[in-house]
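Heads up, data_34.cif below (mmCIF, C-alpha atoms):
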data_coords
loop_
_atom_site.group_PDB
_atom_site.id
_atom_site.type_symbol
_atom_site.label_atom_id
_atom_site.label_comp_id
_atom_site.auth_asym_id
_atom_site.auth_seq_id
_atom_site.Cartn_x
_atom_site.Cartn_y
_atom_site.Cartn_z
ATOM 1 C CA MET J 1 132.176 57.976 34.666
ATOM 2 C CA GLU J 2 133.775 60.675 36.810
ATOM 3 C CA ALA J 3 132.561 63.229 34.242
ATOM 4 C CA ASP J 4 128.981 61.901 34.567
ATOM 5 C CA ILE J 5 129.204 60.064 31.244
ATOM 6 C CA ARG J 6 127.032 56.943 31.137
ATOM 7 C CA ASN J 7 126.798 56.206 27.406
ATOM 8 C CA ILE J 8 130.097 54.634 26.376
ATOM 9 C CA LEU J 9 131.432 53.255 23.110
ATOM 10 C CA ILE J 10 134.502 51.023 23.256
ATOM 11 C CA ILE J 11 136.484 50.742 20.019
ATOM 12 C CA SER J 12 139.162 48.122 19.614
ATOM 13 C CA SER J 13 140.459 45.480 17.218
ATOM 14 C CA LYS J 14 138.567 42.304 16.345
ATOM 15 C CA GLU J 15 141.087 40.385 18.453
ATOM 16 C CA TYR J 16 140.647 42.284 21.709
ATOM 17 C CA LEU J 17 137.076 43.586 21.622
ATOM 18 C CA PRO J 18 135.579 40.281 22.881
ATOM 19 C CA LEU J 19 137.712 40.593 26.021
ATOM 20 C CA TYR J 20 136.182 43.969 26.811
ATOM 21 C CA LYS J 21 132.710 42.573 26.201
ATOM 22 C CA LYS J 22 133.382 39.674 28.557
ATOM 23 C CA LEU J 23 134.643 42.022 31.270
ATOM 24 C CA LEU J 24 132.067 44.816 31.035
ATOM 25 C CA GLY J 25 129.058 43.390 29.210
ATOM 26 C CA SER J 26 126.298 45.872 28.492
ATOM 27 C CA GLY J 27 127.336 48.028 31.453
ATOM 28 C CA ASP J 28 123.914 47.720 33.075
ATOM 29 C CA LYS J 29 125.398 46.387 36.324
ATOM 30 C CA LEU J 30 127.158 49.747 36.705
ATOM 31 C CA GLY J 31 124.256 51.870 35.551
ATOM 32 C CA LEU J 32 125.894 52.370 32.161
ATOM 33 C CA GLU J 33 125.081 51.713 28.520
ATOM 34 C CA ILE J 34 128.128 50.283 26.738
ATOM 35 C CA ASP J 35 128.361 49.642 23.000
ATOM 36 C CA TYR J 36 131.237 48.127 21.043
ATOM 37 C CA LEU J 37 132.661 48.649 17.561
ATOM 38 C CA ILE J 38 135.632 47.180 15.728
ATOM 39 C CA GLN J 39 138.438 49.216 14.195
ATOM 40 C CA GLU J 40 139.556 46.957 11.363
ATOM 41 C CA GLU J 41 142.862 48.777 10.805
ATOM 42 C CA PRO J 42 144.956 51.177 12.928
ATOM 43 C CA LEU J 43 144.053 54.279 10.934
ATOM 44 C CA GLY J 44 144.602 56.839 13.680
ATOM 45 C CA ILE J 45 142.976 58.134 16.838
ATOM 46 C CA ALA J 46 140.774 60.587 14.930
ATOM 47 C CA HIS J 47 139.500 57.668 12.858
ATOM 48 C CA ALA J 48 137.656 56.516 15.987
ATOM 49 C CA ILE J 49 135.432 59.594 15.682
ATOM 50 C CA LEU J 50 134.296 58.447 12.244
ATOM 51 C CA ILE J 51 133.782 54.870 13.416
ATOM 52 C CA GLY J 52 131.571 56.124 16.224
ATOM 53 C CA SER J 53 129.596 58.653 14.161
ATOM 54 C CA SER J 54 126.328 56.676 14.364
ATOM 55 C CA PHE J 55 126.787 56.281 18.112
ATOM 56 C CA LEU J 56 127.433 60.004 18.606
ATOM 57 C CA GLN J 57 124.478 61.208 16.510
ATOM 58 C CA ASP J 58 125.734 64.797 16.378
ATOM 59 C CA SER J 59 126.153 65.054 20.149
ATOM 60 C CA PRO J 60 129.228 66.271 22.065
ATOM 61 C CA ALA J 61 131.849 63.577 22.561
ATOM 62 C CA THR J 62 134.595 62.637 24.969
ATOM 63 C CA LEU J 63 137.488 60.534 23.700
ATOM 64 C CA ILE J 64 139.974 58.825 25.998
ATOM 65 C CA LEU J 65 142.762 56.476 25.000
ATOM 66 C CA GLY J 66 142.614 53.087 26.663
ATOM 67 C CA ASP J 67 146.268 53.101 27.717
ATOM 68 C CA ASN J 68 146.151 56.468 29.520
ATOM 69 C CA LEU J 69 145.857 56.758 33.303
ATOM 70 C CA PHE J 70 144.975 60.002 35.110
ATOM 71 C CA PHE J 71 145.047 60.834 38.793
ATOM 72 C CA GLY J 72 144.947 64.071 40.716
ATOM 73 C CA GLU J 73 143.249 66.375 43.155
ATOM 74 C CA ASN J 74 140.306 68.285 41.648
ATOM 75 C CA LEU J 75 140.489 66.134 38.515
ATOM 76 C CA ASN J 76 136.814 65.174 38.863
ATOM 77 C CA GLN J 77 135.775 68.817 38.864
ATOM 78 C CA LYS J 78 137.860 69.532 35.771
ATOM 79 C CA LEU J 79 136.350 66.562 33.953
ATOM 80 C CA THR J 80 132.804 67.600 34.797
ATOM 81 C CA LYS J 81 133.499 71.201 33.790
ATOM 82 C CA SER J 82 134.924 70.111 30.436
ATOM 83 C CA ASN J 83 132.027 67.759 29.777
ATOM 84 C CA LEU J 84 129.515 70.554 30.372
ATOM 85 C CA ASN J 85 131.379 72.986 28.107
ATOM 86 C CA PHE J 86 129.090 72.144 25.184
ATOM 87 C CA ASN J 87 129.977 75.056 22.900
ATOM 88 C CA ARG J 88 133.726 74.509 22.986
ATOM 89 C CA SER J 89 136.255 71.687 23.101
ATOM 90 C CA THR J 90 138.889 70.900 25.707
ATOM 91 C CA ILE J 91 142.153 68.992 25.791
ATOM 92 C CA PHE J 92 144.300 68.243 28.841
ATOM 93 C CA SER J 93 148.012 69.042 28.964
ATOM 94 C CA TYR J 94 150.755 67.847 31.297
ATOM 95 C CA GLU J 95 154.255 69.256 31.844
ATOM 96 C CA VAL J 96 156.885 66.671 30.837
ATOM 97 C CA LYS J 97 160.682 66.532 30.646
ATOM 98 C CA ASP J 98 160.735 65.047 27.139
ATOM 99 C CA PRO J 99 158.057 66.917 25.142
ATOM 100 C CA ASN J 100 159.560 65.874 21.793
ATOM 101 C CA ARG J 101 157.856 62.489 22.311
ATOM 102 C CA TYR J 102 154.373 64.012 22.307
ATOM 103 C CA GLY J 103 152.040 66.512 20.730
ATOM 104 C CA VAL J 104 153.153 69.831 22.239
ATOM 105 C CA VAL J 105 151.024 72.904 22.910
ATOM 106 C CA SER J 106 152.356 76.301 21.801
ATOM 107 C CA TYR J 107 151.171 79.509 23.474
ATOM 108 C CA ASP J 108 151.341 83.173 22.535
ATOM 109 C CA SER J 109 152.485 86.004 24.825
ATOM 110 C CA GLU J 110 149.030 86.092 26.432
ATOM 111 C CA ASN J 111 149.169 82.367 27.222
ATOM 112 C CA LYS J 112 146.563 81.595 24.569
ATOM 113 C CA VAL J 113 146.981 78.311 22.711
ATOM 114 C CA ILE J 114 147.948 78.870 19.082
ATOM 115 C CA ASP J 115 149.085 75.472 17.824
ATOM 116 C CA ILE J 116 149.849 71.842 18.596
ATOM 117 C CA GLU J 117 152.952 70.354 17.022
ATOM 118 C CA GLU J 118 153.370 66.587 16.855
ATOM 119 C CA LYS J 119 156.690 65.290 18.252
ATOM 120 C CA PRO J 120 158.649 68.485 17.484
ATOM 121 C CA THR J 121 162.431 68.506 17.230
ATOM 122 C CA ASN J 122 162.528 71.846 19.042
ATOM 123 C CA PRO J 123 159.488 71.971 21.349
ATOM 124 C CA LYS J 124 158.089 75.416 22.070
ATOM 125 C CA SER J 125 156.861 74.350 25.497
ATOM 126 C CA ASN J 126 156.873 71.377 27.858
ATOM 127 C CA ALA J 127 153.086 71.005 27.720
ATOM 128 C CA ALA J 128 152.311 67.573 26.291
ATOM 129 C CA VAL J 129 148.812 66.766 25.074
ATOM 130 C CA THR J 130 147.377 63.819 26.983
ATOM 131 C CA GLY J 131 145.021 61.175 25.629
ATOM 132 C CA LEU J 132 141.849 62.847 26.892
ATOM 133 C CA TYR J 133 139.724 65.030 24.615
ATOM 134 C CA PHE J 134 136.332 66.737 24.936
ATOM 135 C CA TYR J 135 134.668 67.843 21.679
ATOM 136 C CA ASP J 136 131.533 69.703 20.674
ATOM 137 C CA GLU J 137 128.725 68.301 18.531
ATOM 138 C CA ASN J 138 130.549 69.172 15.292
ATOM 139 C CA VAL J 139 133.453 66.781 15.868
ATOM 140 C CA VAL J 140 132.321 64.215 13.277
ATOM 141 C CA GLU J 141 132.068 66.836 10.533
ATOM 142 C CA LYS J 142 135.514 68.152 11.422
ATOM 143 C CA ALA J 143 136.974 64.643 11.425
ATOM 144 C CA LYS J 144 135.626 64.177 7.904
ATOM 145 C CA MET J 145 137.791 67.129 6.834
ATOM 146 C CA LEU J 146 141.033 65.345 7.742
ATOM 147 C CA ASN J 147 143.435 63.837 5.240
ATOM 148 C CA PRO J 148 145.678 60.889 6.154
ATOM 149 C CA SER J 149 149.169 61.800 7.329
ATOM 150 C CA GLU J 150 152.394 60.419 5.881
ATOM 151 C CA ARG J 151 151.955 57.330 8.026
ATOM 152 C CA GLY J 152 148.456 56.805 6.621
ATOM 153 C CA GLU J 153 146.513 57.832 9.727
ATOM 154 C CA LEU J 154 143.937 60.459 10.628
ATOM 155 C CA GLU J 155 145.860 62.406 13.250
ATOM 156 C CA ILE J 156 144.194 63.676 16.400
ATOM 157 C CA THR J 157 146.635 66.608 16.381
ATOM 158 C CA ASP J 158 145.251 67.747 13.022
ATOM 159 C CA LEU J 159 141.720 67.602 14.411
ATOM 160 C CA ASN J 160 142.722 69.597 17.488
ATOM 161 C CA ASN J 161 144.425 72.218 15.323
ATOM 162 C CA ILE J 162 141.190 72.748 13.401
ATOM 163 C CA TYR J 163 139.489 73.652 16.663
ATOM 164 C CA ILE J 164 142.393 75.894 17.654
ATOM 165 C CA LYS J 165 142.279 77.797 14.345
ATOM 166 C CA GLU J 166 138.551 78.347 14.835
ATOM 167 C CA GLY J 167 139.156 79.632 18.365
ATOM 168 C CA LEU J 168 137.105 76.827 19.904
ATOM 169 C CA MET J 169 139.736 74.932 21.888
ATOM 170 C CA ASP J 170 140.523 75.239 25.597
ATOM 171 C CA VAL J 171 143.552 73.650 27.244
ATOM 172 C CA GLU J 172 143.101 72.393 30.795
ATOM 173 C CA GLN J 173 146.497 72.130 32.452
ATOM 174 C CA MET J 174 147.021 69.311 34.925
ATOM 175 C CA GLY J 175 148.869 70.963 37.773
ATOM 176 C CA PRO J 176 151.342 69.823 40.449
ATOM 177 C CA GLY J 177 150.098 66.823 42.370
ATOM 178 C CA SER J 178 148.470 65.324 39.305
ATOM 179 C CA ALA J 179 149.714 62.240 37.510
ATOM 180 C CA TRP J 180 149.414 61.128 33.903
ATOM 181 C CA PHE J 181 150.745 57.870 32.506
ATOM 182 C CA ASP J 182 150.761 56.861 28.865
ATOM 183 C CA THR J 183 151.161 53.129 29.406
ATOM 184 C CA GLY J 184 151.950 52.188 25.833
ATOM 185 C CA THR J 185 155.279 50.575 26.780
ATOM 186 C CA PHE J 186 156.231 47.916 29.324
ATOM 187 C CA GLU J 187 158.307 50.449 31.245
ATOM 188 C CA SER J 188 155.509 53.020 31.490
ATOM 189 C CA LEU J 189 153.006 50.296 32.425
ATOM 190 C CA HIS J 190 155.316 49.228 35.249
ATOM 191 C CA GLU J 191 155.614 52.852 36.416
ATOM 192 C CA ALA J 192 151.842 53.238 36.471
ATOM 193 C CA SER J 193 151.414 49.969 38.371
ATOM 194 C CA ALA J 194 154.007 51.020 40.957
ATOM 195 C CA PHE J 195 152.292 54.390 41.388
ATOM 196 C CA ILE J 196 148.884 52.817 41.945
ATOM 197 C CA ARG J 197 150.288 50.267 44.374
ATOM 198 C CA SER J 198 152.041 52.982 46.359
ATOM 199 C CA MET J 199 148.953 55.208 46.539
ATOM 200 C CA GLN J 200 146.627 52.381 47.505
ATOM 201 C CA SER J 201 148.967 51.031 50.179
ATOM 202 C CA ARG J 202 149.028 54.424 51.915
ATOM 203 C CA GLN J 203 145.434 55.525 51.535
ATOM 204 C CA LEU J 204 142.037 53.923 52.060
ATOM 205 C CA LEU J 205 141.066 54.039 48.399
ATOM 206 C CA LYS J 206 141.020 52.103 45.165
ATOM 207 C CA ILE J 207 142.112 53.976 42.055
ATOM 208 C CA GLY J 208 139.871 53.489 39.057
ATOM 209 C CA CYS J 209 137.088 51.599 40.848
ATOM 210 C CA PRO J 210 134.019 51.779 38.563
ATOM 211 C CA GLU J 211 131.734 50.051 41.066
ATOM 212 C CA GLU J 212 132.484 52.699 43.692
ATOM 213 C CA THR J 213 131.983 55.535 41.224
ATOM 214 C CA ALA J 214 128.628 54.128 40.090
ATOM 215 C CA TRP J 215 127.531 53.700 43.720
ATOM 216 C CA ARG J 216 128.597 57.173 44.842
ATOM 217 C CA LYS J 217 126.740 58.707 41.904
ATOM 218 C CA ASN J 218 123.622 56.702 42.837
ATOM 219 C CA TRP J 219 123.617 54.841 39.529
ATOM 220 C CA ILE J 220 123.488 51.615 41.544
ATOM 221 C CA ASN J 221 122.148 51.046 45.057
ATOM 222 C CA ASP J 222 123.610 49.318 48.128
ATOM 223 C CA GLU J 223 122.187 45.929 47.230
ATOM 224 C CA GLU J 224 123.607 46.093 43.705
ATOM 225 C CA LEU J 225 127.042 47.073 45.025
ATOM 226 C CA TYR J 226 126.881 44.172 47.487
ATOM 227 C CA LYS J 227 126.183 41.707 44.659
ATOM 228 C CA LEU J 228 129.096 43.091 42.639
ATOM 229 C CA ALA J 229 131.425 42.657 45.615
ATOM 230 C CA LEU J 230 130.714 38.995 46.313
ATOM 231 C CA PRO J 231 132.551 37.381 43.335
ATOM 232 C CA THR J 232 135.815 39.192 44.173
ATOM 233 C CA ILE J 233 135.886 38.770 47.952
ATOM 234 C CA LYS J 234 138.974 36.545 47.932
ATOM 235 C CA SER J 235 141.032 39.027 45.900
ATOM 236 C CA GLY J 236 140.503 41.819 48.415
ATOM 237 C CA TYR J 237 138.733 43.961 45.828
ATOM 238 C CA GLY J 238 135.333 42.721 46.957
ATOM 239 C CA SER J 239 136.261 43.344 50.576
ATOM 240 C CA TYR J 240 136.983 46.968 49.684
ATOM 241 C CA LEU J 241 133.568 47.315 48.044
ATOM 242 C CA LEU J 242 131.916 45.825 51.128
ATOM 243 C CA SER J 243 133.807 48.276 53.337
ATOM 244 C CA LEU J 244 132.056 51.106 51.502
ATOM 245 C CA LEU J 245 128.816 49.646 52.822
ATOM 246 C CA GLY J 246 130.222 49.337 56.339
ATOM 247 C CA LYS J 247 130.417 45.536 56.140
#
Could the structure of this file be written out as structure tokens, please?
Amino acid sequence: MEADIRNILIISSKEYLPLYKKLLGSGDKLGLEIDYLIQEEPLGIAHAILIGSSFLQDSPATLILGDNLFFGENLNQKLTKSNLNFNRSTIFSYEVKDPNRYGVVSYDSENKVIDIEEKPTNPKSNAAVTGLYFYDENVVEKAKMLNPSERGELEITDLNNIYIKEGLMDVEQMGPGSAWFDTGTFESLHEASAFIRSMQSRQLLKIGCPEETAWRKNWINDEELYKLALPTIKSGYGSYLLSLLGK
């Protein structure tokens, strides 16, 4: 939403997809159009591109992993810039202490990206690839070129390396003051929760508030925001939404 994306496809397992549908519905209350598709087996992140091929219809695509959380100054501008970069593709990197746990970006002497290596034993940099990817309109055709890895999955790193070899990949570095959490473990989920709680207790904001984003972008009006606030008044979330309206 922060990148001005309003057509969204959510891909999940048969077990969990109904929960997303119950929470978000068609997206019309937020000025969005949300579709849903099932991934029958965990065949890799890049497999999602193939699942969503009919949805994409040869248009540029943005892929974000559901367990990734991003926060930072100027992040909105970087997202919008990447989304409008139609002729190229963009990934986001983040400096980490333990790069061997991630896909790692390698650079040449001119700081140009030359390769991404998945969970390397001897990382060539500390720049980890995050779970946020912007691709051009040829992403489906490139995903069709992939072969399953040793673990039987279509690897997103392999897809990104195709773009790098063709000279069509940009790397947007998340700088100091930014935060990225891959909340795939209980520990990392707790860290992300503590971060959000700390930020929200010190500042007059809600992190990841889709109703506010839709309202500020004029996708919904004051009356629609008011109606969205009412069911969650007791939790404090609705009160925050009402405060945006000066109520």
- [ ] Determine, counting only C-alpha atoms, every residue of protein, DNA or RNA that lies within 8 Å of (145.4, 66.9, 37.4) in the file coordinates, then give the result as a PyMOL selection string.
- [x] chain J and resi 70-75+173-180
TODO: Name the residues in contact with range 222-224 of chain J at a cut-off of 9 Å, using all atoms listed in the file, excluding same-chain residues fewer than 2 positions from it; report them as a list in words.
DONE: Lys29, Leu30, Trp215, Ile220, Tyr226, Lys227, Leu228, Ala229 and Leu245 of chain J
TODO: Output the residue selection produced by the PyMOL selection byres ((chain J and resi 49) around 10) on the file above, formatted as an MDAnalysis selection string.
DONE: chainID J and resid 11 44:48 50:56 61:63 139:144 154 156
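Closest approach to Leu230 in chain J from the set J:Lys247, J:Pro42, J:Ser198, J:Arg216 is made by J:Lys247, with distances taken over all atoms listed in the file.
Among the candidates J:Asn138, J:Ser106, J:Asn87, J:Asn76, the residue lying nearest to Asp58 in chain J is J:Asn138 (atoms considered: all atoms listed in the file).
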Open item on the list: I'd like the interatomic distance between CA of Gln203 in chain J and CA of Ala128 in chain J, to a tenth of an Å.
Closed with: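 Separation between CA of Gln203 in chain J and CA of Ala128 in chain J: 28.8 Å.
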Open item on the list: the PyMOL selection byres ((chain J and resi 90) around 12) - which residues does that actually catch in the file I just gave you? List them as a count of residues only.
Closed with: 40
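Distances to Glu117 in chain J were evaluated for J:Leu19, J:Val105, J:Leu225, J:Leu146 using all atoms listed in the file, and the minimum falls at J:Val105.
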Task: Selection near Asp35 in chain J, 9 Å with all atoms listed in the file, sequence-local residues under 6 positions removed, as a ChimeraX atom specification - done: /J:7-11,21,25-27,55
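CA of Glu33 in chain J sits 6.2 Å away from CA of Arg6 in chain J.
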Task: Option closest in space to Asn122 in chain J, from J:Asn100, J:Thr213, J:Gln77, J:Ser13 [counting only C-alpha atoms] - done: J:Asn100
Because the input lacks atoms here, generate all heavy atoms for range 175-186 of chain J and report them as a compact mmCIF listing (two decimals), keeping the file's coordinate frame.
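In the end it all went to out.txt:
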# COMPACT_ATOMS: atom_id res chain seq x y z
N GLY J 175 147.87 70.30 36.95
CA GLY J 175 148.87 70.96 37.77
C GLY J 175 149.68 70.03 38.65
O GLY J 175 149.56 68.80 38.57
N PRO J 176 150.53 70.61 39.52
CA PRO J 176 151.34 69.82 40.45
C PRO J 176 150.45 68.95 41.33
O PRO J 176 149.37 69.36 41.74
CB PRO J 176 152.05 70.90 41.28
CG PRO J 176 152.06 72.11 40.40
CD PRO J 176 150.78 72.06 39.63
N GLY J 177 150.90 67.75 41.59
CA GLY J 177 150.10 66.82 42.37
C GLY J 177 149.26 65.89 41.51
O GLY J 177 148.69 64.93 42.02
N SER J 178 149.19 66.19 40.22
CA SER J 178 148.47 65.32 39.30
C SER J 178 149.44 64.33 38.68
O SER J 178 150.65 64.54 38.68
CB SER J 178 147.81 66.14 38.20
OG SER J 178 146.88 67.06 38.72
N ALA J 179 148.89 63.26 38.16
CA ALA J 179 149.71 62.24 37.51
C ALA J 179 149.05 61.81 36.21
O ALA J 179 147.83 61.65 36.15
CB ALA J 179 149.92 61.04 38.42
N TRP J 180 149.88 61.64 35.20
CA TRP J 180 149.41 61.13 33.90
C TRP J 180 150.41 60.10 33.41
O TRP J 180 151.61 60.34 33.38
CB TRP J 180 149.29 62.27 32.88
CG TRP J 180 149.12 61.77 31.46
CD1 TRP J 180 148.16 60.93 30.99
CD2 TRP J 180 149.94 62.10 30.33
NE1 TRP J 180 148.33 60.71 29.65
CE2 TRP J 180 149.41 61.41 29.22
CE3 TRP J 180 151.07 62.90 30.16
CZ2 TRP J 180 149.99 61.50 27.95
CZ3 TRP J 180 151.64 63.00 28.89
CH2 TRP J 180 151.09 62.31 27.80
N PHE J 181 149.91 58.94 33.05
CA PHE J 181 150.74 57.87 32.51
C PHE J 181 150.20 57.44 31.15
O PHE J 181 149.01 57.15 31.02
CB PHE J 181 150.76 56.65 33.44
CG PHE J 181 151.37 56.92 34.79
CD1 PHE J 181 150.58 57.31 35.86
CD2 PHE J 181 152.73 56.78 34.99
CE1 PHE J 181 151.12 57.55 37.10
CE2 PHE J 181 153.30 57.02 36.23
CZ PHE J 181 152.49 57.41 37.30
N ASP J 182 151.07 57.43 30.17
CA ASP J 182 150.76 56.86 28.86
C ASP J 182 151.40 55.48 28.85
O ASP J 182 152.59 55.33 28.60
CB ASP J 182 151.33 57.75 27.76
CG ASP J 182 151.05 57.21 26.36
OD1 ASP J 182 150.50 56.10 26.25
OD2 ASP J 182 151.38 57.89 25.38
N THR J 183 150.60 54.45 29.14
CA THR J 183 151.16 53.13 29.41
C THR J 183 151.30 52.28 28.14
O THR J 183 150.99 51.08 28.13
CB THR J 183 150.30 52.37 30.43
OG1 THR J 183 148.98 52.16 29.89
CG2 THR J 183 150.19 53.17 31.71
N GLY J 184 151.79 52.90 27.10
CA GLY J 184 151.95 52.19 25.83
C GLY J 184 153.21 51.35 25.74
O GLY J 184 153.41 50.65 24.75
N THR J 185 154.07 51.40 26.76
CA THR J 185 155.28 50.58 26.78
C THR J 185 155.30 49.78 28.08
O THR J 185 154.63 50.12 29.05
CB THR J 185 156.55 51.44 26.69
OG1 THR J 185 156.65 52.25 27.89
CG2 THR J 185 156.51 52.35 25.47
N PHE J 186 156.12 48.73 28.11
CA PHE J 186 156.23 47.92 29.32
C PHE J 186 156.76 48.75 30.48
O PHE J 186 156.33 48.61 31.63
CB PHE J 186 157.14 46.71 29.07
CG PHE J 186 156.52 45.66 28.20
CD1 PHE J 186 157.06 45.37 26.96
CD2 PHE J 186 155.39 44.97 28.61
CE1 PHE J 186 156.48 44.40 26.15
CE2 PHE J 186 154.81 44.00 27.81
CZ PHE J 186 155.37 43.71 26.57
